[in-house]
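Reproduced below: entry15.cif, with mmCIF, C-alpha atoms and all ligand atoms.
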```cif
data_start
loop_
_atom_site.label_atom_id
_atom_site.label_comp_id
_atom_site.auth_asym_id
_atom_site.auth_seq_id
_atom_site.Cartn_x
_atom_site.Cartn_y
_atom_site.Cartn_z
CA MET A 1472 -14.50 -7.26 13.91
CA SER A 1473 -14.70 -7.61 10.17
CA THR A 1474 -17.60 -6.17 8.27
CA GLU A 1475 -19.07 -8.58 5.79
CA ILE A 1476 -21.63 -8.31 3.02
CA VAL A 1477 -22.76 -11.35 1.03
CA LYS A 1478 -23.58 -10.68 -2.61
CA ASP A 1479 -25.00 -12.80 -5.39
CA ILE A 1480 -22.72 -12.91 -8.37
CA VAL A 1481 -22.67 -14.74 -11.66
CA CYS A 1482 -19.44 -16.29 -12.90
CA PRO A 1483 -18.40 -14.34 -16.02
CA GLN A 1484 -17.00 -17.52 -17.58
CA CYS A 1485 -19.60 -20.26 -16.93
CA GLY A 1486 -22.63 -18.28 -15.75
CA GLU A 1487 -22.96 -20.16 -12.45
CA PRO A 1488 -24.72 -18.02 -9.82
CA GLN A 1489 -22.90 -17.95 -6.49
CA LYS A 1490 -22.43 -16.07 -3.26
CA TYR A 1491 -19.50 -13.75 -2.83
CA ARG A 1492 -18.45 -12.50 0.56
CA ILE A 1493 -17.43 -8.86 0.41
CA LEU A 1494 -15.28 -7.69 3.28
CA ALA A 1495 -15.97 -4.01 3.79
CA GLY A 1496 -13.09 -3.83 6.24
CA ILE A 1497 -10.98 -5.63 8.78
CA ASN A 1498 -9.50 -4.97 12.18
CA ALA A 1499 -5.89 -6.16 12.04
CA VAL A 1500 -5.69 -6.93 15.76
CA GLU A 1501 -8.85 -9.05 15.84
CA ASN A 1502 -8.34 -10.69 12.45
CA PRO A 1503 -4.61 -11.28 11.98
CA GLU A 1504 -5.39 -14.10 9.52
CA LEU A 1505 -7.16 -11.62 7.24
CA LYS A 1506 -4.26 -9.20 7.55
CA GLU A 1507 -1.98 -12.04 6.38
CA LYS A 1508 -4.19 -12.44 3.32
CA ILE A 1509 -3.62 -8.78 2.49
CA LEU A 1510 0.13 -9.26 2.86
CA ASP A 1511 0.15 -12.28 0.55
CA GLU A 1512 -2.24 -10.39 -1.74
CA THR A 1513 -5.01 -13.01 -1.76
CA LEU A 1514 -7.74 -11.31 0.31
CA PHE A 1515 -9.72 -10.22 -2.73
CA ASP A 1516 -9.24 -13.37 -4.79
CA TRP A 1517 -12.31 -15.13 -6.04
CA ARG A 1518 -12.50 -18.55 -7.68
CA CYS A 1519 -15.59 -20.05 -9.31
CA ASP A 1520 -16.75 -23.27 -7.60
CA ARG A 1521 -17.79 -24.73 -10.90
CA CYS A 1522 -15.23 -23.79 -13.57
CA ASN A 1523 -12.34 -22.50 -11.44
CA TYR A 1524 -12.43 -19.10 -13.14
CA PHE A 1525 -10.22 -16.72 -11.18
CA ALA A 1526 -10.68 -13.03 -10.53
CA ALA A 1527 -9.20 -10.45 -8.20
CA MET A 1528 -12.16 -8.45 -6.91
CA VAL A 1529 -11.98 -4.68 -6.66
CA TYR A 1530 -14.08 -2.69 -4.22
CA PRO A 1531 -13.60 -0.12 -1.43
CA PHE A 1532 -12.12 -1.54 1.75
CA LEU A 1533 -11.09 -0.22 5.16
CA TYR A 1534 -8.09 -1.47 7.13
CA THR A 1535 -7.94 -0.56 10.81
CA ASP A 1536 -5.12 -1.28 13.24
CA PRO A 1537 -6.12 0.07 16.68
CA GLU A 1538 -2.72 -0.86 18.21
CA LYS A 1539 -0.81 1.24 15.70
CA GLN A 1540 -3.63 3.79 15.54
CA LEU A 1541 -3.68 3.39 11.81
CA VAL A 1542 -6.56 3.39 9.37
CA ILE A 1543 -6.18 2.95 5.62
CA SER A 1544 -8.98 3.41 3.15
CA MET A 1545 -8.54 1.50 -0.08
CA CYS A 1546 -10.54 3.21 -2.74
CA PRO A 1547 -10.02 1.78 -6.25
CA ALA A 1548 -10.28 4.16 -9.21
CA GLY A 1549 -13.91 4.75 -10.08
CA THR A 1550 -15.23 3.86 -6.62
CA ASP A 1551 -16.17 6.17 -3.81
CA SER A 1552 -14.95 5.72 -0.30
CA ALA A 1553 -17.82 5.78 2.17
CA VAL A 1554 -15.44 6.48 5.00
CA GLU A 1555 -15.81 9.57 7.11
CA PRO A 1556 -13.22 10.30 9.78
CA THR A 1557 -15.24 9.46 12.91
CA GLU A 1558 -14.62 10.20 16.57
CA ALA A 1559 -13.40 6.61 17.09
CA ILE A 1560 -10.43 7.14 14.78
CA ARG A 1561 -9.62 10.67 15.86
CA GLY A 1562 -5.85 10.89 16.32
CA TYR A 1563 -5.26 7.88 14.05
CA THR A 1564 -2.89 8.08 11.12
CA LYS A 1565 -5.21 8.06 8.10
CA ARG A 1566 -4.19 7.10 4.60
CA SER A 1567 -5.94 6.61 1.33
CA VAL A 1568 -4.68 4.14 -1.29
CA LYS A 1569 -5.94 2.93 -4.67
CA ASN A 1570 -5.15 -0.77 -4.76
CA LEU A 1571 -4.07 -3.85 -2.85
CA ALA A 1572 -0.35 -3.39 -3.63
CA GLU A 1573 -0.45 0.11 -2.12
CA LEU A 1574 -2.44 -1.08 0.89
CA LYS A 1575 0.09 -3.84 1.54
CA GLU A 1576 2.96 -1.37 1.21
CA LYS A 1577 1.43 1.05 3.73
CA ILE A 1578 0.91 -1.76 6.24
CA LEU A 1579 4.53 -2.90 5.84
CA ILE A 1580 5.84 0.66 6.24
CA PHE A 1581 3.87 1.36 9.42
CA ASP A 1582 4.57 -2.11 10.83
CA ALA A 1583 8.28 -1.40 10.33
CA GLY A 1584 7.84 1.81 12.33
CA CYS A 1585 8.76 4.04 9.39
CA ASP A 1586 7.37 7.37 8.26
CA ASP A 1587 5.68 6.77 4.90
CA LEU A 1588 6.40 10.26 3.61
CA ALA A 1589 10.14 9.78 4.23
CA VAL A 1590 9.91 6.35 2.58
CA GLU A 1591 8.34 7.97 -0.51
CA LEU A 1592 11.31 10.35 -0.74
CA VAL A 1593 13.72 7.41 -0.50
CA LYS A 1594 11.76 5.57 -3.16
CA ASN A 1595 11.93 8.59 -5.43
CA ALA A 1596 15.72 8.69 -5.16
CA LEU A 1597 16.01 4.95 -5.70
CA CYS A 1598 13.70 4.97 -8.73
CA ALA A 1599 15.70 7.75 -10.38
CA ILE A 1600 18.83 5.60 -10.14
CA LEU A 1601 17.11 2.38 -11.22
CA GLN A 1602 15.41 3.99 -14.21
CA LYS A 1603 18.87 4.86 -15.49
CA SER A 1604 20.48 1.51 -14.72
CA TYR A 1605 17.60 -0.53 -16.21
CA LYS A 1606 17.12 2.03 -19.03
CA VAL A 1607 13.36 2.22 -18.46
CA SER A 1608 11.16 5.29 -18.23
CA ARG A 1609 8.70 3.77 -15.77
CA LEU A 1610 8.86 1.34 -12.91
CA HIS A 1611 6.89 0.65 -9.78
CA ALA A 1612 8.57 0.36 -6.42
CA TYR A 1613 7.02 -0.82 -3.17
CA PHE A 1614 8.58 -0.83 0.27
CA SER A 1615 9.22 -4.41 1.32
CA ARG A 1616 11.08 -4.49 4.65
CA ILE A 1617 14.04 -3.33 6.69
CA LEU A 1618 16.82 -5.87 6.21
CA PRO A 1619 17.60 -7.37 9.63
CA ASP A 1620 21.38 -7.62 9.22
CA THR A 1621 22.17 -4.28 7.55
CA GLY A 1622 19.22 -2.07 8.51
CA GLU A 1623 18.81 -1.16 4.84
CA LEU A 1624 15.41 -0.41 3.37
CA GLU A 1625 14.43 -3.02 0.82
CA PHE A 1626 12.06 -2.30 -2.06
CA ALA A 1627 10.30 -4.59 -4.52
CA ILE A 1628 10.79 -3.17 -8.01
CA PHE A 1629 8.42 -4.03 -10.82
CA LEU A 1630 9.94 -3.45 -14.25
CA PRO A 1631 7.83 -3.12 -17.40
CA ARG A 1632 6.43 -6.48 -18.59
CA GLN A 1633 8.02 -8.37 -15.68
CA PRO A 1634 5.45 -10.07 -13.43
CA LYS A 1635 7.97 -10.81 -10.67
CA PRO A 1636 9.74 -8.02 -8.81
CA VAL A 1637 13.47 -7.57 -8.37
CA TYR A 1638 14.68 -6.34 -4.99
CA HIS A 1639 16.90 -3.37 -4.30
CA SER A 1640 17.84 -1.76 -1.03
CA THR A 1641 19.03 1.64 0.12
CA ARG A 1642 21.05 2.62 3.16
CA MET A 1643 19.26 3.78 6.29
CA GLU A 1644 21.22 7.05 5.88
CA VAL A 1645 19.14 7.93 2.82
CA TYR A 1646 16.02 7.51 4.96
CA LYS A 1647 17.50 9.75 7.67
CA GLN A 1648 18.38 12.40 5.08
CA SER A 1649 14.80 12.23 3.81
CA GLN A 1650 13.52 12.81 7.34
CA GLU A 1651 15.85 15.81 7.53
CA VAL A 1652 14.40 17.20 4.27
CA LEU A 1653 10.90 16.86 5.74
CA ARG A 1654 11.97 18.61 8.95
CA THR A 1655 13.52 21.47 6.97
CA LEU A 1656 10.31 21.90 4.99
CA ASP A 1657 8.19 21.33 8.08
CA ALA A 1658 6.28 18.94 5.82
CA LYS A 1659 3.65 16.55 7.10
CA ALA A 1660 1.07 14.33 5.46
CA PRO A 1661 -2.14 16.23 4.65
CA GLU A 1662 -5.06 16.08 7.11
CA GLY A 1663 -7.77 13.42 6.80
CA PHE A 1664 -7.35 10.33 4.63
CA ALA A 1665 -4.10 11.49 3.08
CA VAL A 1666 -2.65 10.30 -0.19
CA VAL A 1667 1.06 9.94 0.52
CA ASP A 1668 2.60 8.86 -2.77
CA THR A 1669 5.28 9.58 -5.37
CA ARG A 1670 3.46 12.71 -6.51
CA LEU A 1671 3.58 14.24 -3.03
CA ALA A 1672 7.24 13.24 -2.67
CA ARG A 1673 8.13 14.95 -5.97
CA LYS A 1674 6.26 18.10 -4.99
CA LEU A 1675 8.15 18.30 -1.69
CA LEU A 1676 11.51 17.66 -3.34
CA THR A 1677 10.85 20.50 -5.80
CA GLU A 1678 10.04 22.77 -2.86
CA TYR A 1679 13.24 21.69 -1.15
CA GLN A 1680 15.38 22.39 -4.23
CA ASN A 1681 13.91 25.89 -4.44
CA ILE A 1682 14.80 26.88 -0.89
ZN ZN B 1701 -17.48 -20.38 -13.43
#
```
Here is a file; write its structure as structure tokens.
Amino acid sequence: MSTEIVKDIVCPQCGEPQKYRILAGINAVENPELKEKILDETLFDWRCDRCNYFAAMVYPFLYTDPEKQLVISMCPAGTDSAVEPTEAIRGYTKRSVKNLAELKEKILIFDAGCDDLAVELVKNALCAILQKSYKVSRLHAYFSRILPDTGELEFAIFLPRQPKPVYHSTRMEVYKQSQEVLRTLDAKAPEGFAVVDTRLARKLLTEYQNI
């Protein structure tokens, strides 16, 4: 089941009034084609019928995968998530993300069977190295996949002012060490729709260094 709302919108470029189909959420098992559109980052694209004006729409969205018992609430900055943890998703892994790139990353992590908190620790270590080697103070890294031949974790790295990512991978050992850190700290993702991100990873690593 996908939940759909049709809205009237006006093209910001040519003023043409049109209908826009808002997807409040999708079920990944019932709508694999919509899941694919998340993974190729086109699900929220909108194009004007008249002038071809293009926009990436931003609104709250809920991703549910009953097979993996996973539910992800995408709640862009400035919007409120209407999602309450209901009985139907009791026992599900629940995550909250801010944008499509983060939603895609979470799906890829859980589809690969990884623990997203451990992946955030790996990412933190990788970013520290890459910031030095690229001599940049900021970069964005997103989990991409586990490489089939080496078992390494591959990340898409977005450098400042570069629209296309570069790819870097880390050994599975780094992931296993990260799991060990989490076990030592007895750290788990927070209850409810948890934000598992770089900030949480840094906080845990500081705790670990102070043991
Ligand atoms: Zn238009």
Exercise. Using only C-alpha atoms and all ligand atoms, which residue out of A:Arg1518, A:Arg1492, A:Arg1566, A:Gln1648 lies closest to ligand ZN 1701 (chain B)?
Worked result: A:Arg1518
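Every protein, DNA or RNA residue with an atom at most 12 Å from Lys1635 in chain A, where all atoms listed in the file count and chain neighbours fewer than 5 positions away do not, is listed here: His1611, Ala1612, Ala1627, Ile1628, Phe1629 and Leu1630 of chain A.
Residues in contact with ligand ZN 1701 (chain B) comprise Val1481, Cys1482, Pro1483, Gln1484, Cys1485, Gly1486, Glu1487, Pro1488, Gln1489, Arg1518, Cys1519, Asp1520, Arg1521, Cys1522, Asn1523, Tyr1524 and Phe1525 of chain A, where contact means an atom-to-atom distance of at most 10 Å counting all atoms listed in the file.
The protein and nucleic acid residues lying at most 12 Å from Ile1682 in chain A are Val1652, Thr1655, Leu1656, Leu1675, Leu1676, Thr1677 and Glu1678 of chain A, with all atoms listed in the file considered and sequence neighbours fewer than 4 positions away removed.
When all atoms listed in the file are used to compute distances to Thr1535 in chain A, the closest of the residues A:Thr1557, A:Trp1517, A:Ala1548, A:Val1500 turns out to be A:Val1500.
Distance-wise, CA of Pro1631 in chain A and CA of Lys1569 in chain A end up 19.7 Å apart.
Within 9 Å of Ser1649 in chain A, once only C-alpha atoms are used and residues closer than 6 positions along the same chain are dropped, the contacting residues are Leu1588, Ala1589, Val1590, Glu1591, Leu1592 and Val1593 of chain A.
Rounded to one decimal, CA of Leu1505 in chain A and CA of Cys1546 in chain A lie 18.2 Å from each other.
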Could you write out as AutoDock Vina command-line options the box around range 1548-1562 of chain A (axis-aligned, all atoms listed in the file, 6 Å on each side), with centre and edge lengths in Å to one decimal?
```
--center_x -11.8 --center_y 7.4 --center_z 3.5 --size_x 24.0 --size_y 19.0 --size_z 39.2
```
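Rounded to one decimal, CA of Gly1496 in chain A and CA of Ala1583 in chain A lie 21.9 Å from each other.
Closest approach to Tyr1534 in chain A among A:Pro1503, A:Gly1584, A:Pro1636, A:Gly1562: A:Pro1503, based on all atoms listed in the file.
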Missing atoms of range 1644-1655 of chain A rebuilt to all heavy atoms, written as an mmCIF file, in the frame of the given file:
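The resulting file, out-v5.cif, is reproduced below:
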```cif
data_model
loop_
_atom_site.group_PDB
_atom_site.id
_atom_site.type_symbol
_atom_site.label_atom_id
_atom_site.label_comp_id
_atom_site.auth_asym_id
_atom_site.auth_seq_id
_atom_site.Cartn_x
_atom_site.Cartn_y
_atom_site.Cartn_z
ATOM 1 N N GLU A 1644 20.818 5.638 5.950
ATOM 2 C CA GLU A 1644 21.220 7.050 5.880
ATOM 3 C C GLU A 1644 20.346 7.865 4.931
ATOM 4 O O GLU A 1644 20.037 9.028 5.196
ATOM 5 C CB GLU A 1644 22.647 7.137 5.334
ATOM 6 C CG GLU A 1644 23.668 7.638 6.320
ATOM 7 C CD GLU A 1644 25.047 7.286 5.808
ATOM 8 O OE1 GLU A 1644 25.477 7.912 4.818
ATOM 9 O OE2 GLU A 1644 25.673 6.369 6.384
ATOM 10 N N VAL A 1645 19.976 7.240 3.811
ATOM 11 C CA VAL A 1645 19.140 7.930 2.820
ATOM 12 C C VAL A 1645 17.771 8.242 3.451
ATOM 13 O O VAL A 1645 17.199 9.307 3.239
ATOM 14 C CB VAL A 1645 18.967 7.075 1.539
ATOM 15 C CG1 VAL A 1645 18.144 7.808 0.498
ATOM 16 C CG2 VAL A 1645 20.326 6.682 0.984
ATOM 17 N N TYR A 1646 17.284 7.293 4.255
ATOM 18 C CA TYR A 1646 16.020 7.510 4.960
ATOM 19 C C TYR A 1646 16.155 8.661 5.956
ATOM 20 O O TYR A 1646 15.298 9.536 6.030
ATOM 21 C CB TYR A 1646 15.618 6.211 5.671
ATOM 22 C CG TYR A 1646 14.367 6.327 6.531
ATOM 23 C CD1 TYR A 1646 13.103 6.372 5.947
ATOM 24 C CD2 TYR A 1646 14.466 6.406 7.923
ATOM 25 C CE1 TYR A 1646 11.958 6.483 6.723
ATOM 26 C CE2 TYR A 1646 13.328 6.518 8.706
ATOM 27 C CZ TYR A 1646 12.073 6.554 8.104
ATOM 28 O OH TYR A 1646 10.949 6.672 8.885
ATOM 29 N N LYS A 1647 17.277 8.671 6.683
ATOM 30 C CA LYS A 1647 17.500 9.750 7.670
ATOM 31 C C LYS A 1647 17.615 11.104 7.000
ATOM 32 O O LYS A 1647 17.098 12.102 7.493
ATOM 33 C CB LYS A 1647 18.755 9.443 8.509
ATOM 34 C CG LYS A 1647 18.581 8.180 9.348
ATOM 35 C CD LYS A 1647 19.331 8.231 10.663
ATOM 36 C CE LYS A 1647 18.901 7.100 11.592
ATOM 37 N NZ LYS A 1647 19.952 6.074 11.735
ATOM 38 N N GLN A 1648 18.284 11.136 5.838
ATOM 39 C CA GLN A 1648 18.380 12.400 5.080
ATOM 40 C C GLN A 1648 16.993 12.855 4.628
ATOM 41 O O GLN A 1648 16.686 14.050 4.639
ATOM 42 C CB GLN A 1648 19.272 12.212 3.841
ATOM 43 C CG GLN A 1648 20.756 12.163 4.170
ATOM 44 C CD GLN A 1648 21.571 11.477 3.075
ATOM 45 O OE1 GLN A 1648 21.036 11.103 2.030
ATOM 46 N NE2 GLN A 1648 22.858 11.291 3.325
ATOM 47 N N SER A 1649 16.166 11.892 4.242
ATOM 48 C CA SER A 1649 14.800 12.230 3.810
ATOM 49 C C SER A 1649 14.006 12.819 4.976
ATOM 50 O O SER A 1649 13.249 13.777 4.794
ATOM 51 C CB SER A 1649 14.094 10.993 3.287
ATOM 52 O OG SER A 1649 14.781 10.483 2.181
ATOM 53 N N GLN A 1650 14.188 12.252 6.154
ATOM 54 C CA GLN A 1650 13.520 12.810 7.340
ATOM 55 C C GLN A 1650 13.974 14.244 7.595
ATOM 56 O O GLN A 1650 13.191 15.106 7.980
ATOM 57 C CB GLN A 1650 13.829 11.945 8.577
ATOM 58 C CG GLN A 1650 13.087 10.629 8.602
ATOM 59 C CD GLN A 1650 13.401 9.840 9.859
ATOM 60 O OE1 GLN A 1650 14.560 9.585 10.169
ATOM 61 N NE2 GLN A 1650 12.371 9.452 10.596
ATOM 62 N N GLU A 1651 15.276 14.473 7.351
ATOM 63 C CA GLU A 1651 15.850 15.810 7.530
ATOM 64 C C GLU A 1651 15.229 16.805 6.533
ATOM 65 O O GLU A 1651 14.905 17.933 6.905
ATOM 66 C CB GLU A 1651 17.373 15.709 7.342
ATOM 67 C CG GLU A 1651 18.159 16.867 7.903
ATOM 68 C CD GLU A 1651 17.795 17.221 9.338
ATOM 69 O OE1 GLU A 1651 17.739 16.286 10.179
ATOM 70 O OE2 GLU A 1651 17.530 18.414 9.617
ATOM 71 N N VAL A 1652 15.052 16.366 5.298
ATOM 72 C CA VAL A 1652 14.400 17.200 4.270
ATOM 73 C C VAL A 1652 12.999 17.580 4.747
ATOM 74 O O VAL A 1652 12.596 18.755 4.671
ATOM 75 C CB VAL A 1652 14.325 16.444 2.914
ATOM 76 C CG1 VAL A 1652 13.415 17.166 1.930
ATOM 77 C CG2 VAL A 1652 15.716 16.264 2.327
ATOM 78 N N LEU A 1653 12.271 16.612 5.276
ATOM 79 C CA LEU A 1653 10.900 16.860 5.740
ATOM 80 C C LEU A 1653 10.888 17.834 6.919
ATOM 81 O O LEU A 1653 10.024 18.697 7.016
ATOM 82 C CB LEU A 1653 10.205 15.546 6.124
ATOM 83 C CG LEU A 1653 9.982 14.561 4.973
ATOM 84 C CD1 LEU A 1653 9.404 13.253 5.484
ATOM 85 C CD2 LEU A 1653 9.070 15.168 3.906
ATOM 86 N N ARG A 1654 11.868 17.694 7.804
ATOM 87 C CA ARG A 1654 11.970 18.610 8.950
ATOM 88 C C ARG A 1654 12.243 20.037 8.479
ATOM 89 O O ARG A 1654 11.639 20.992 8.952
ATOM 90 C CB ARG A 1654 13.072 18.161 9.910
ATOM 91 C CG ARG A 1654 12.551 17.306 11.067
ATOM 92 C CD ARG A 1654 13.605 17.157 12.167
ATOM 93 N NE ARG A 1654 14.744 16.356 11.717
ATOM 94 C CZ ARG A 1654 14.774 15.017 11.761
ATOM 95 N NH1 ARG A 1654 13.751 14.349 12.242
ATOM 96 N NH2 ARG A 1654 15.822 14.353 11.345
ATOM 97 N N THR A 1655 13.178 20.152 7.513
ATOM 98 C CA THR A 1655 13.520 21.470 6.970
ATOM 99 C C THR A 1655 12.296 22.149 6.356
ATOM 100 O O THR A 1655 12.076 23.345 6.536
ATOM 101 C CB THR A 1655 14.624 21.333 5.895
ATOM 102 O OG1 THR A 1655 15.704 20.610 6.463
ATOM 103 C CG2 THR A 1655 15.108 22.683 5.405
#
```
